[in-house]
$ cat query_3.txt   # compact mmCIF, C-alpha atoms and all ligand atoms
# COMPACT_ATOMS: atom_id res chain seq x y z
CA MET A 65 -25.35 -11.03 -195.57
CA THR A 66 -22.07 -10.56 -197.41
CA THR A 67 -19.11 -12.88 -196.90
CA ILE A 68 -17.33 -10.11 -195.01
CA ASP A 69 -20.29 -9.78 -192.58
CA LEU A 70 -20.48 -13.54 -192.22
CA LEU A 71 -16.76 -13.74 -191.47
CA ALA A 72 -17.10 -11.04 -188.81
CA LYS A 73 -19.92 -13.04 -187.29
CA ILE A 74 -18.11 -16.38 -187.15
CA ARG A 75 -14.80 -14.87 -186.07
CA PRO A 76 -15.08 -15.51 -182.24
CA ALA A 77 -16.10 -19.16 -182.74
CA TRP A 78 -13.47 -19.67 -185.48
CA GLN A 79 -10.78 -18.21 -183.21
CA VAL A 80 -11.61 -20.50 -180.26
CA ARG A 81 -11.86 -23.63 -182.34
CA ALA A 82 -8.73 -22.96 -184.45
CA LEU A 83 -6.78 -22.27 -181.26
CA ARG A 84 -7.99 -25.49 -179.67
CA ARG A 85 -7.08 -27.50 -182.75
CA LEU A 86 -3.63 -26.06 -183.31
CA ALA A 87 -2.18 -25.16 -179.89
CA ARG A 88 -0.15 -28.05 -178.57
CA GLY A 89 0.83 -26.52 -175.24
CA GLU A 90 -0.52 -23.85 -172.91
CA GLY A 91 2.59 -21.70 -173.50
CA LEU A 92 1.94 -21.56 -177.23
CA ARG A 93 -1.65 -20.35 -176.96
CA GLU A 94 -0.95 -16.66 -176.51
CA SER A 95 1.40 -16.26 -179.47
CA LEU A 96 -0.74 -18.56 -181.61
CA GLN A 97 -3.82 -16.49 -180.79
CA LYS A 98 -2.10 -13.39 -182.16
CA GLN A 99 -1.04 -15.22 -185.30
CA LEU A 100 -4.58 -16.51 -185.87
CA GLU A 101 -5.99 -13.01 -185.45
CA ARG A 102 -3.54 -11.73 -188.06
CA PHE A 103 -4.48 -14.59 -190.37
CA PHE A 104 -8.17 -13.81 -190.04
CA ASP A 105 -7.59 -10.05 -190.64
CA LEU A 106 -5.65 -10.84 -193.80
CA LEU A 107 -8.28 -13.35 -194.90
CA ILE A 108 -10.91 -10.62 -194.69
CA GLN A 109 -8.64 -8.24 -196.57
CA SER A 110 -8.15 -10.85 -199.32
CA VAL A 111 -11.92 -11.32 -199.63
CA GLU A 112 -12.46 -7.54 -199.76
CA THR A 113 -9.86 -7.02 -202.50
CA GLY A 114 -10.23 -10.38 -204.23
CA ASP A 115 -6.42 -10.71 -203.99
CA PRO A 116 -5.14 -13.77 -202.09
CA ALA A 117 -1.62 -12.32 -202.03
CA TRP A 118 -2.54 -10.37 -198.87
CA LEU A 119 -1.90 -13.59 -196.96
CA ASP A 120 1.59 -14.08 -198.42
CA PRO A 121 3.73 -12.02 -195.99
CA LEU A 122 2.25 -13.79 -192.97
CA LEU A 123 2.60 -17.21 -194.59
CA ALA A 124 6.21 -16.43 -195.55
CA GLU A 125 6.86 -15.46 -191.92
CA TRP A 126 5.43 -18.77 -190.77
CA VAL A 127 7.61 -20.69 -193.22
CA GLN A 128 10.69 -18.80 -192.11
CA SER A 129 10.03 -19.62 -188.48
CA THR A 130 10.30 -23.34 -189.28
CA THR A 131 13.29 -24.62 -187.34
CA LEU A 132 16.29 -26.31 -188.89
CA THR A 133 15.44 -29.60 -187.22
CA GLU A 134 11.92 -29.48 -188.65
CA LEU A 135 13.36 -28.75 -192.09
CA GLU A 136 15.84 -31.61 -191.91
CA SER A 137 13.30 -34.12 -190.63
CA GLN A 138 10.88 -32.88 -193.28
CA GLU A 139 8.14 -33.79 -190.82
CA SER A 140 6.78 -30.36 -190.27
CA SER A 141 4.93 -28.70 -193.06
CA LEU A 142 2.49 -25.80 -192.91
CA THR A 143 0.13 -27.48 -195.37
CA PRO A 144 -1.66 -29.50 -192.63
CA VAL A 145 -2.00 -26.25 -190.60
CA ILE A 146 -3.69 -24.45 -193.51
CA ASN A 147 -5.86 -27.53 -194.05
CA SER A 148 -6.90 -27.46 -190.37
CA LEU A 149 -7.80 -23.77 -190.65
CA LEU A 150 -9.86 -24.55 -193.75
CA GLY A 151 -11.56 -27.40 -191.83
CA VAL A 152 -12.41 -25.07 -188.93
CA THR A 153 -13.75 -22.43 -191.35
CA TYR A 154 -15.95 -25.06 -193.00
CA GLU A 155 -17.26 -26.33 -189.66
CA VAL A 156 -18.05 -22.90 -188.26
CA LEU A 157 -19.69 -21.77 -191.49
CA SER A 158 -21.84 -24.89 -191.69
CA GLU A 159 -23.23 -24.10 -188.24
CA THR A 160 -24.56 -20.68 -189.35
CA PRO A 161 -28.35 -20.43 -189.93
CA SER A 162 -28.20 -19.75 -193.69
CA PRO A 163 -26.65 -22.60 -195.71
CA ASP A 164 -26.82 -20.52 -198.92
CA GLU A 165 -24.77 -17.72 -197.45
CA ALA A 166 -22.35 -20.20 -195.96
CA PHE A 167 -22.02 -21.91 -199.35
CA ALA A 168 -21.41 -18.58 -201.12
CA ALA A 169 -18.80 -17.62 -198.53
CA LEU A 170 -17.05 -20.97 -198.95
CA GLY A 171 -16.98 -20.40 -202.69
CA GLU A 172 -15.05 -17.19 -202.08
CA LEU A 173 -12.80 -18.61 -199.40
CA LEU A 174 -11.74 -21.87 -201.06
CA PRO A 175 -9.53 -20.23 -203.77
CA LEU A 176 -7.86 -18.20 -201.00
CA PHE A 177 -7.02 -21.34 -199.03
CA ALA A 178 -5.87 -23.09 -202.22
CA HIS A 179 -3.56 -20.16 -202.92
CA ALA A 180 -2.27 -20.29 -199.31
CA ILE A 181 -1.41 -24.01 -199.64
CA GLU A 182 0.27 -23.52 -202.99
CA TYR A 183 2.25 -20.52 -201.68
CA VAL A 184 3.33 -22.28 -198.49
CA THR A 185 4.46 -25.38 -200.43
CA ARG A 186 6.49 -23.24 -202.81
CA CYS A 187 8.12 -21.30 -199.96
CA GLU A 188 8.91 -24.49 -198.08
CA THR A 189 10.45 -26.11 -201.16
CA GLU A 190 12.55 -23.02 -201.82
CA GLN A 191 13.63 -22.86 -198.20
CA PHE A 192 14.53 -26.55 -198.17
CA ALA A 193 16.48 -26.22 -201.43
CA ALA A 194 18.38 -23.22 -200.01
CA HIS A 195 19.06 -25.20 -196.85
CA LEU A 196 20.39 -28.16 -198.89
CA ALA A 197 22.56 -25.86 -201.01
CA ALA A 198 24.02 -24.28 -197.86
CA GLU A 199 24.60 -27.73 -196.35
CA SER A 200 26.33 -28.98 -199.47
CA ALA A 201 28.51 -25.84 -199.63
CA ARG A 202 29.42 -26.40 -195.97
CA SER A 203 30.27 -30.08 -196.62
CA LYS A 204 32.38 -29.08 -199.61
CA GLU A 205 34.26 -26.55 -197.46
CA ASP A 206 34.75 -29.19 -194.74
CA LEU A 207 36.10 -31.66 -197.30
CA GLU A 208 38.43 -29.06 -198.76
CA ARG A 209 39.66 -28.19 -195.27
CA LEU A 210 40.21 -31.88 -194.51
CA ASP A 211 42.06 -32.39 -197.78
CA LYS A 212 44.19 -29.34 -197.04
CA SER A 213 45.08 -30.67 -193.58
CA LYS A 214 45.96 -34.04 -195.12
CA SER A 215 48.18 -32.23 -197.62
CA ASP A 216 49.80 -30.08 -194.94
CA PHE A 217 50.36 -33.12 -192.77
CA ILE A 218 52.04 -35.00 -195.61
CA ALA A 219 54.28 -32.05 -196.49
CA VAL A 220 55.33 -31.47 -192.86
CA ALA A 221 55.81 -35.17 -192.08
CA ALA A 222 57.87 -35.74 -195.25
CA HIS A 223 60.04 -32.76 -194.42
CA GLU A 224 60.53 -33.85 -190.80
CA LEU A 225 61.33 -37.43 -191.79
CA LYS A 226 63.84 -36.47 -194.46
CA THR A 227 66.55 -35.23 -192.08
CA PRO A 228 66.70 -38.23 -189.72
CA LEU A 229 66.40 -40.57 -192.70
CA THR A 230 69.40 -38.95 -194.38
CA LEU A 231 71.32 -39.43 -191.12
CA ILE A 232 70.37 -43.12 -190.96
CA GLU A 233 71.40 -43.57 -194.60
CA GLY A 234 74.72 -41.78 -194.06
CA TYR A 235 75.63 -43.63 -190.87
CA SER A 236 74.62 -47.05 -192.14
CA ASP A 237 76.72 -46.49 -195.29
CA MET A 238 79.66 -45.48 -193.11
CA LEU A 239 79.15 -48.50 -190.90
CA ARG A 240 79.13 -50.81 -193.91
CA GLU A 241 82.31 -49.25 -195.28
CA ARG A 242 84.04 -49.67 -191.94
CA LEU A 243 82.87 -53.19 -191.35
CA PRO A 244 85.87 -55.47 -191.87
CA GLN A 245 85.42 -57.68 -194.94
CA GLN A 246 85.26 -60.90 -192.90
CA LEU A 247 82.44 -59.52 -190.70
CA ALA A 248 80.24 -58.57 -193.68
CA VAL A 249 79.02 -62.15 -194.05
CA THR A 250 78.28 -62.61 -190.34
CA ASP A 251 75.42 -61.48 -188.16
CA ALA A 252 76.57 -57.87 -188.26
CA GLY A 253 76.38 -57.88 -192.07
CA GLN A 254 72.88 -59.34 -191.97
CA LEU A 255 71.75 -56.77 -189.45
CA LEU A 256 73.06 -54.03 -191.70
CA SER A 257 71.18 -55.51 -194.66
CA GLY A 258 68.04 -55.37 -192.52
CA ILE A 259 68.65 -51.70 -191.85
CA ASP A 260 69.23 -51.13 -195.60
CA THR A 261 65.92 -52.73 -196.52
CA GLY A 262 64.09 -50.64 -193.94
CA ARG A 263 65.72 -47.39 -194.91
CA ARG A 264 65.08 -48.01 -198.63
CA ARG A 265 61.38 -48.59 -197.91
CA LEU A 266 61.29 -45.49 -195.72
CA ARG A 267 62.97 -43.47 -198.49
CA GLU A 268 60.32 -44.67 -200.97
CA ILE A 269 57.55 -43.63 -198.59
CA VAL A 270 59.10 -40.22 -197.93
CA ASP A 271 59.64 -39.70 -201.69
CA ASP A 272 56.00 -40.67 -202.31
CA MET A 273 54.88 -38.19 -199.66
CA ILE A 274 56.94 -35.44 -201.29
CA ASP A 275 55.52 -36.32 -204.72
CA VAL A 276 51.95 -36.24 -203.40
CA SER A 277 52.42 -32.86 -201.79
CA MET A 278 53.97 -31.52 -205.01
CA ILE A 279 51.02 -32.82 -207.00
CA ASP A 280 48.59 -31.30 -204.48
CA ASN A 281 50.26 -27.94 -204.80
CA ASP A 282 50.59 -28.09 -208.59
CA LEU A 283 54.34 -28.14 -208.28
CA LEU A 284 55.06 -31.39 -210.07
CA ALA A 285 57.60 -30.47 -212.74
CA ILE A 286 57.27 -32.46 -215.94
CA ASN A 287 60.47 -32.49 -217.99
CA PHE A 288 59.28 -33.23 -221.48
CA GLN A 289 61.70 -35.30 -223.50
CA PRO A 290 61.28 -37.75 -226.33
CA VAL A 291 59.92 -41.00 -224.88
CA TRP A 292 58.74 -44.34 -226.24
CA VAL A 293 56.09 -46.20 -224.28
CA ASP A 294 57.48 -49.63 -225.21
CA ARG A 295 60.91 -48.73 -223.84
CA LEU A 296 59.44 -47.65 -220.52
CA LEU A 297 57.39 -50.84 -220.28
CA ARG A 298 60.48 -52.90 -221.06
CA VAL A 299 62.20 -51.33 -218.05
CA VAL A 300 59.25 -52.25 -215.84
CA GLU A 301 59.27 -55.77 -217.26
CA TYR A 302 62.94 -56.11 -216.41
CA GLU A 303 62.53 -54.65 -212.91
CA THR A 304 59.63 -56.92 -211.98
CA ALA A 305 60.94 -60.16 -213.56
CA GLU A 306 62.39 -61.47 -210.30
CA ILE A 307 59.29 -60.94 -208.17
CA VAL A 308 57.03 -62.24 -210.95
CA ARG A 309 59.04 -65.45 -210.96
CA SER A 310 59.02 -65.80 -207.18
CA ARG A 311 55.26 -65.27 -207.05
CA ASN A 312 54.71 -67.70 -209.92
CA LEU A 313 52.79 -65.05 -211.86
CA GLU A 314 52.40 -64.99 -215.61
CA ILE A 315 52.98 -61.51 -216.98
CA THR A 316 52.81 -60.60 -220.67
CA PHE A 317 53.84 -57.28 -222.14
CA HIS A 318 52.14 -57.28 -225.56
CA PRO A 319 53.60 -55.20 -228.36
CA PHE A 320 50.88 -52.85 -229.56
CA PRO A 321 50.48 -50.20 -232.27
CA GLY A 322 51.86 -46.82 -231.32
CA SER A 323 53.94 -48.04 -228.41
CA ASN A 324 57.13 -47.76 -230.47
CA GLU A 325 56.32 -44.26 -231.69
CA MET A 326 58.06 -41.30 -230.18
CA THR A 327 56.11 -38.85 -228.09
CA TYR A 328 57.06 -36.17 -225.61
CA GLY A 329 56.78 -36.94 -221.92
CA ASP A 330 58.75 -37.16 -218.71
CA GLY A 331 60.41 -40.56 -218.97
CA GLU A 332 61.21 -40.83 -215.25
CA ARG A 333 57.73 -39.87 -214.17
CA LEU A 334 55.96 -42.06 -216.71
CA LEU A 335 58.16 -44.95 -215.68
CA GLN A 336 57.14 -44.31 -212.06
CA ALA A 337 53.45 -44.35 -213.07
CA PHE A 338 53.75 -47.58 -215.10
CA ARG A 339 55.84 -49.16 -212.34
CA ASN A 340 53.14 -48.34 -209.76
CA LEU A 341 50.44 -49.90 -211.91
CA VAL A 342 52.39 -53.10 -212.61
CA ASN A 343 53.44 -53.36 -208.94
CA ASN A 344 49.80 -52.99 -207.90
CA ALA A 345 48.73 -55.65 -210.39
CA ILE A 346 51.37 -57.93 -208.86
CA LYS A 347 50.39 -57.01 -205.30
CA TYR A 348 46.67 -57.57 -205.73
CA THR A 349 46.85 -60.76 -207.79
CA PRO A 350 47.23 -64.07 -205.95
CA ASP A 351 50.30 -66.23 -206.62
CA GLY A 352 49.94 -68.06 -209.93
CA GLY A 353 47.71 -65.33 -211.42
CA LYS A 354 47.91 -63.62 -214.81
CA ILE A 355 48.81 -60.04 -215.69
CA GLU A 356 48.80 -58.44 -219.13
CA VAL A 357 49.99 -55.07 -220.34
CA ASN A 358 48.53 -54.09 -223.66
CA GLY A 359 47.30 -51.02 -225.49
CA ARG A 360 46.12 -49.37 -228.64
CA MET A 361 46.46 -46.23 -230.67
CA LEU A 362 43.60 -43.75 -230.66
CA PRO A 363 43.38 -40.48 -232.61
CA GLY A 364 45.91 -38.23 -230.85
CA PHE A 365 46.29 -40.58 -227.91
CA ILE A 366 47.90 -43.81 -226.89
CA GLU A 367 46.05 -46.05 -224.46
CA VAL A 368 47.92 -48.47 -222.20
CA VAL A 369 45.95 -51.04 -220.21
CA PHE A 370 47.11 -53.02 -217.21
CA ILE A 371 44.96 -56.12 -216.81
CA ASP A 372 45.13 -58.51 -213.88
CA ASN A 373 43.03 -61.37 -212.61
CA GLY A 374 43.42 -60.32 -209.00
CA ILE A 375 41.04 -59.48 -206.18
CA GLY A 376 39.32 -56.65 -208.06
CA ILE A 377 37.92 -53.37 -206.75
CA ASP A 378 34.42 -52.55 -205.57
CA PRO A 379 32.75 -50.07 -207.98
CA ASP A 380 32.11 -47.78 -204.99
CA ASP A 381 35.88 -47.48 -204.55
CA HIS A 382 36.80 -46.78 -208.18
CA GLN A 383 37.19 -43.05 -207.45
CA ARG A 384 38.42 -43.35 -203.89
CA ILE A 385 41.53 -45.40 -204.69
CA PHE A 386 42.91 -42.40 -206.59
CA GLU A 387 42.65 -40.21 -203.49
CA LYS A 388 45.43 -39.81 -200.94
CA PHE A 389 45.47 -42.70 -198.47
CA GLY A 390 42.64 -44.17 -200.55
CA ARG A 391 43.33 -47.70 -199.39
CA VAL A 392 40.30 -49.89 -199.30
CA GLY A 393 39.65 -52.88 -197.06
CA ASN A 394 41.23 -53.39 -193.68
CA PRO A 395 44.83 -52.11 -193.65
CA ALA A 396 45.58 -54.10 -190.49
CA LEU A 397 45.13 -57.37 -192.41
CA HIS A 398 47.76 -56.52 -194.98
CA SER A 399 51.36 -57.62 -194.96
CA SER A 400 53.87 -54.78 -195.11
CA SER A 401 55.76 -56.11 -198.14
CA LYS A 402 55.52 -54.05 -201.31
CA THR A 403 55.10 -56.92 -203.73
CA LYS A 404 53.71 -59.83 -201.71
CA PHE A 405 50.07 -60.69 -202.31
CA LYS A 406 48.06 -57.87 -200.67
CA GLY A 407 51.32 -56.33 -199.50
CA GLY A 408 50.79 -52.98 -197.85
CA GLY A 409 51.53 -49.45 -198.85
CA PRO A 410 50.43 -46.08 -197.57
CA GLY A 411 47.90 -45.62 -200.37
CA LEU A 412 49.87 -42.95 -202.23
CA GLY A 413 50.83 -44.87 -205.37
CA LEU A 414 47.65 -44.27 -207.36
CA PRO A 415 47.23 -40.58 -206.45
CA ILE A 416 50.81 -40.04 -207.63
CA THR A 417 50.19 -42.06 -210.79
CA LYS A 418 47.05 -40.03 -211.49
CA GLY A 419 48.94 -36.77 -210.82
CA ILE A 420 51.68 -37.78 -213.27
CA ILE A 421 49.29 -38.88 -216.01
CA GLU A 422 47.14 -35.77 -215.64
CA ALA A 423 50.22 -33.53 -215.65
CA HIS A 424 50.87 -35.01 -219.11
CA GLY A 425 47.36 -34.06 -220.20
CA GLY A 426 46.20 -37.67 -219.93
CA ALA A 427 43.65 -39.60 -217.92
CA ILE A 428 43.52 -42.74 -215.81
CA TRP A 429 40.58 -44.85 -214.67
CA VAL A 430 39.81 -48.33 -213.50
CA GLU A 431 37.35 -50.98 -214.59
CA SER A 432 36.49 -53.84 -212.27
CA GLU A 433 33.36 -55.87 -211.59
CA GLY A 434 33.99 -55.79 -207.87
CA TYR A 435 36.08 -56.99 -205.00
CA ASP A 436 36.19 -60.74 -204.41
CA GLU A 437 39.23 -62.49 -203.02
CA VAL A 438 37.83 -65.92 -203.92
CA LYS A 439 36.48 -65.40 -207.44
CA CYS A 440 39.15 -62.83 -208.33
CA PRO A 441 37.26 -60.79 -210.96
CA GLY A 442 40.41 -58.75 -211.71
CA SER A 443 40.93 -55.11 -212.58
CA ILE A 444 41.83 -53.17 -215.68
CA PHE A 445 43.62 -49.85 -215.28
CA HIS A 446 43.42 -47.64 -218.38
CA VAL A 447 45.97 -44.92 -219.04
CA LEU A 448 45.35 -42.45 -221.82
CA LEU A 449 48.31 -40.33 -222.89
CA PRO A 450 48.37 -37.65 -225.57
CA MET A 451 50.77 -38.41 -228.43
CA ARG A 452 52.80 -35.27 -228.92
CA GLN A 453 54.53 -34.72 -232.23
CA ASN A 454 56.09 -31.58 -230.82
CA PRO A 455 57.32 -30.68 -227.37
CA PRO A 456 54.71 -28.68 -225.42
CA ASP A 457 57.09 -25.92 -224.30
CA ASP A 458 59.60 -23.70 -226.13
CA LYS A 459 62.56 -24.79 -224.03
CA THR A 460 62.06 -28.46 -224.85
CA ALA A 461 61.36 -27.59 -228.46
CA LYS A 462 64.71 -25.82 -228.77
CA LEU A 463 66.51 -28.62 -226.98
CA PHE A 464 64.98 -31.52 -228.84
CA GLY A 465 63.84 -29.93 -232.09
CA GLN A 466 66.73 -31.20 -234.23
CA GLU A 467 67.11 -34.46 -232.34
CA GLN A 468 63.52 -35.42 -232.80
CA GLU A 469 63.81 -36.59 -236.40
CA THR A 470 67.05 -38.51 -235.83
CA ALA A 471 65.62 -40.19 -232.73
CA ARG A 472 62.45 -41.19 -234.55
CA ILE A 473 64.43 -42.73 -237.44
CA THR A 474 66.83 -44.57 -235.12
CA HIS A 475 64.02 -46.06 -233.07
CA ALA A 476 62.08 -47.06 -236.18
CA LYS A 477 65.20 -48.84 -237.45
CA GLU A 478 65.67 -50.58 -234.10
CA ASN A 479 62.17 -51.92 -234.23
CA SER A 480 62.14 -52.94 -237.87
P1 LIG B 1 48.75 -48.96 -201.91
O1 LIG B 1 48.94 -50.04 -202.92
O2 LIG B 1 50.01 -48.40 -201.36
O3 LIG B 1 47.73 -49.29 -200.86
P2 LIG B 1 47.72 -47.39 -204.11
O4 LIG B 1 47.43 -45.92 -204.14
O5 LIG B 1 48.70 -47.90 -205.10
O6 LIG B 1 48.13 -47.69 -202.63
O7 LIG B 1 46.35 -48.16 -204.29
C1 LIG B 1 45.24 -47.77 -203.50
C2 LIG B 1 44.32 -48.95 -203.29
O8 LIG B 1 43.74 -49.34 -204.52
C3 LIG B 1 45.01 -50.20 -202.78
O9 LIG B 1 45.13 -50.17 -201.37
C4 LIG B 1 44.09 -51.30 -203.26
O10 LIG B 1 43.04 -51.45 -202.35
C5 LIG B 1 43.51 -50.74 -204.56
N1 LIG B 1 44.18 -51.27 -205.76
C6 LIG B 1 45.11 -50.67 -206.52
N2 LIG B 1 45.46 -51.43 -207.57
C7 LIG B 1 44.74 -52.55 -207.50
C8 LIG B 1 44.61 -53.73 -208.31
N3 LIG B 1 45.33 -53.90 -209.44
N4 LIG B 1 43.72 -54.68 -207.92
C9 LIG B 1 42.99 -54.52 -206.80
N5 LIG B 1 43.05 -53.43 -205.98
C10 LIG B 1 43.90 -52.46 -206.34
$ encode --input "query_3.txt" --output "structure tokens" --more "lines below"
Ligand code: ADP
Amino acid sequence: MTTIDLLAKIRPAWQVRALRRLARGEGLRESLQKQLERFFDLLIQSVETGDPAWLDPLLAEWVQSTTLTELESQESSLTPVINSLLGVTYEVLSETPSPDEAFAALGELLPLFAHAIEYVTRCETEQFAAHLAAESARSKEDLERLDKSKSDFIAVAAHELKTPLTLIEGYSDMLRERLPQQLAVTDAGQLLSGIDTGRRRLREIVDDMIDVSMIDNDLLAINFQPVWVDRLLRVVEYETAEIVRSRNLEITFHPFPGSNEMTYGDGERLLQAFRNLVNNAIKYTPDGGKIEVNGRMLPGFIEVVFIDNGIGIDPDDHQRIFEKFGRVGNPALHSSSKTKFKGGGPGLGLPITKGIIEAHGGAIWVESEGYDEVKCPGSIFHVLLPMRQNPPDDKTAKLFGQEQETARITHAKENS
């Protein structure tokens, strides 16, 4: 008897047993029965032609009918189903009267089942990979949407806050001007100073929000002019001297090669970036701690490093702190002062700093062993800025072309 004849003979028993083994519920039996009949038909066809690919369309259909939940849980796979069908085939064949014929049939059927398992595994892997790719594209879209809403929120809120803030500033200035001299030192004067402090802080926050939304929308204008890194750092040193003293911090601005060389950059913006980094070092270093600003010259670049022995940053947060509102830890525990230890802020300083540095063609990153308020492992912020011998745009080149040489000589003389 040929394998085809043998298959025809075992078909009724195979059908009943396969159905019993695979059907989990009464409702499933009818559709499963049809599927098993199709499988058996195609199995016969594969034996007749010697081509296992006859099974592929049905197997592909089975894979496609796998639900999303099954895919995600990765629990369901068709491999055990094919294995069960092979098991049933083996059982039914072994019950036939001629072991030799059964053995010969098995020899023909085994490669077909092996092909089916290999095909199903491949299809499932492809389907799962496609599912993961779609998921990741969806997550990326969600993140982009979220980032866009953050951006929109910042832009709208900054705009809406600007008008009332300007009113507060105007009226409090007028009030101060009208306050009789003798009252300026009394309660009224103190109350006005309180309003001044608040409005200045609010102005800084609104300005930060405007800067962030400009950076987000690629609108940050960089006015390239001749700048010297050491001069900018000297300004920051001067600005922070008072708070450094009051917090009993030790801060050292080291002279380093290249810092007294002229390059092109936006002085105001670079100052803002350096100021943010030094203020952060102050804010996240306990009273009595040490801060150093140092650097080095690299081919085509100058690197400035801001080193503190403060609370440090968890490696998992090294990227996140450069994102908008990328504050880490519990914001509720922070004081609202800008320079006190762990003083608060909206979490916009570093994204702005990054935006400024990148707009100059530079890079910024942080190095820190981790976050520990007791051991204080510290942080090192690295800023890499391109050294530009020439202004990057024609306008600046025209404006500063002749001045460049004079400025370089003057500064060299000043530093000699
Ligand atoms: P802000 O200081 O307003 O919270 P930033 O954008 O300047 O926002 O900083 C984001 C976060 O990065 C901070 O909340 C803080 O957790 C962390 N961070 C920044 N600089 C330092 C530093 N020198 N040491 C430890 N943590 C820092």
$ residues_around --input "query_3.txt" --residues "Leu335 of chain A" --least-positions-apart "3" --cutoff "9 Å" --atoms "all atoms listed in the file" --output "number ranges by chain"
A: 293, 296-297, 299-300, 330-332, 338-340
$ write_last_selection --input "query_3.txt" --atoms "C-alpha atoms" --output "PDB file, in the coordinates of the input"
ATOM      1  CA  VAL A 293      56.090 -46.200-224.280  1.00  0.00           C
ATOM      2  CA  LEU A 296      59.440 -47.650-220.520  1.00  0.00           C
ATOM      3  CA  LEU A 297      57.390 -50.840-220.280  1.00  0.00           C
ATOM      4  CA  VAL A 299      62.200 -51.330-218.050  1.00  0.00           C
ATOM      5  CA  VAL A 300      59.250 -52.250-215.840  1.00  0.00           C
ATOM      6  CA  ASP A 330      58.750 -37.160-218.710  1.00  0.00           C
ATOM      7  CA  GLY A 331      60.410 -40.560-218.970  1.00  0.00           C
ATOM      8  CA  GLU A 332      61.210 -40.830-215.250  1.00  0.00           C
ATOM      9  CA  PHE A 338      53.750 -47.580-215.100  1.00  0.00           C
ATOM     10  CA  ARG A 339      55.840 -49.160-212.340  1.00  0.00           C
ATOM     11  CA  ASN A 340      53.140 -48.340-209.760  1.00  0.00           C
TER      12      ASN A 340
END
$ closest_atom_pairs --input "query_3.txt" --of "chain A" --to "ligand LIG 1 (chain B)" --cutoff "7 Å" --atoms "all atoms listed in the file" --output "JSON lines"
{"residue": "A:Asn340", "atom": "CA", "partner": "B:LIG1", "partner_atom": "O5", "distance": 6.5}
{"residue": "A:Leu341", "atom": "CA", "partner": "B:LIG1", "partner_atom": "N2", "distance": 6.8}
{"residue": "A:Asn344", "atom": "CA", "partner": "B:LIG1", "partner_atom": "N2", "distance": 4.6}
{"residue": "A:Ala345", "atom": "CA", "partner": "B:LIG1", "partner_atom": "N3", "distance": 3.9}
{"residue": "A:Tyr348", "atom": "CA", "partner": "B:LIG1", "partner_atom": "N4", "distance": 4.7}
{"residue": "A:Thr349", "atom": "CA", "partner": "B:LIG1", "partner_atom": "N4", "distance": 6.8}
{"residue": "A:Asp372", "atom": "CA", "partner": "B:LIG1", "partner_atom": "N3", "distance": 6.4}
{"residue": "A:Gly374", "atom": "CA", "partner": "B:LIG1", "partner_atom": "N4", "distance": 5.8}
{"residue": "A:Ile375", "atom": "CA", "partner": "B:LIG1", "partner_atom": "C9", "distance": 5.4}
{"residue": "A:Gly376", "atom": "CA", "partner": "B:LIG1", "partner_atom": "C9", "distance": 4.4}
{"residue": "A:Ile377", "atom": "CA", "partner": "B:LIG1", "partner_atom": "N5", "distance": 5.2}
{"residue": "A:Ile385", "atom": "CA", "partner": "B:LIG1", "partner_atom": "O8", "distance": 4.5}
{"residue": "A:Phe386", "atom": "CA", "partner": "B:LIG1", "partner_atom": "O4", "distance": 6.2}
{"residue": "A:Phe389", "atom": "CA", "partner": "B:LIG1", "partner_atom": "O4", "distance": 6.8}
{"residue": "A:Gly390", "atom": "CA", "partner": "B:LIG1", "partner_atom": "C1", "distance": 5.3}
{"residue": "A:Arg391", "atom": "CA", "partner": "B:LIG1", "partner_atom": "O9", "distance": 3.6}
{"residue": "A:Val392", "atom": "CA", "partner": "B:LIG1", "partner_atom": "O10", "distance": 4.4}
{"residue": "A:Gly393", "atom": "CA", "partner": "B:LIG1", "partner_atom": "O10", "distance": 6.4}
{"residue": "A:Gly408", "atom": "CA", "partner": "B:LIG1", "partner_atom": "O3", "distance": 5.7}
{"residue": "A:Gly409", "atom": "CA", "partner": "B:LIG1", "partner_atom": "O2", "distance": 3.1}
{"residue": "A:Pro410", "atom": "CA", "partner": "B:LIG1", "partner_atom": "O2", "distance": 4.5}
{"residue": "A:Gly411", "atom": "CA", "partner": "B:LIG1", "partner_atom": "O6", "distance": 3.1}
{"residue": "A:Leu412", "atom": "CA", "partner": "B:LIG1", "partner_atom": "O4", "distance": 4.3}
{"residue": "A:Gly413", "atom": "CA", "partner": "B:LIG1", "partner_atom": "O5", "distance": 3.7}
{"residue": "A:Leu414", "atom": "CA", "partner": "B:LIG1", "partner_atom": "O4", "distance": 3.6}
{"residue": "A:Pro415", "atom": "CA", "partner": "B:LIG1", "partner_atom": "O4", "distance": 5.8}
{"residue": "A:Gly442", "atom": "CA", "partner": "B:LIG1", "partner_atom": "N4", "distance": 6.5}
{"residue": "A:Ser443", "atom": "CA", "partner": "B:LIG1", "partner_atom": "N4", "distance": 5.4}
$ closest_atom_pairs --input "query_3.txt" --of "segment 247-341 of chain A" --to "segment 448-453 of chain A" --cutoff "12 Å" --atoms "only C-alpha atoms" --output "tab-separated table"
residue	atom	partner	partner_atom	distance
A:Phe288	CA	A:Arg452	CA	10.1
A:Gln289	CA	A:Arg452	CA	10.4
A:Pro290	CA	A:Arg452	CA	9.2
A:Val291	CA	A:Arg452	CA	10.0
A:Trp292	CA	A:Met451	CA	10.2
A:Val293	CA	A:Leu449	CA	9.8
A:Gly322	CA	A:Met451	CA	9.0
A:Ser323	CA	A:Met451	CA	10.1
A:Asn324	CA	A:Met451	CA	11.5
A:Glu325	CA	A:Met451	CA	8.7
A:Met326	CA	A:Gln453	CA	7.7
A:Thr327	CA	A:Arg452	CA	4.9
A:Tyr328	CA	A:Arg452	CA	5.5
A:Gly329	CA	A:Arg452	CA	8.2
A:Asp330	CA	A:Leu449	CA	11.7
A:Leu334	CA	A:Leu449	CA	10.0
A:Ala337	CA	A:Leu449	CA	11.8
A:Phe338	CA	A:Leu448	CA	11.9
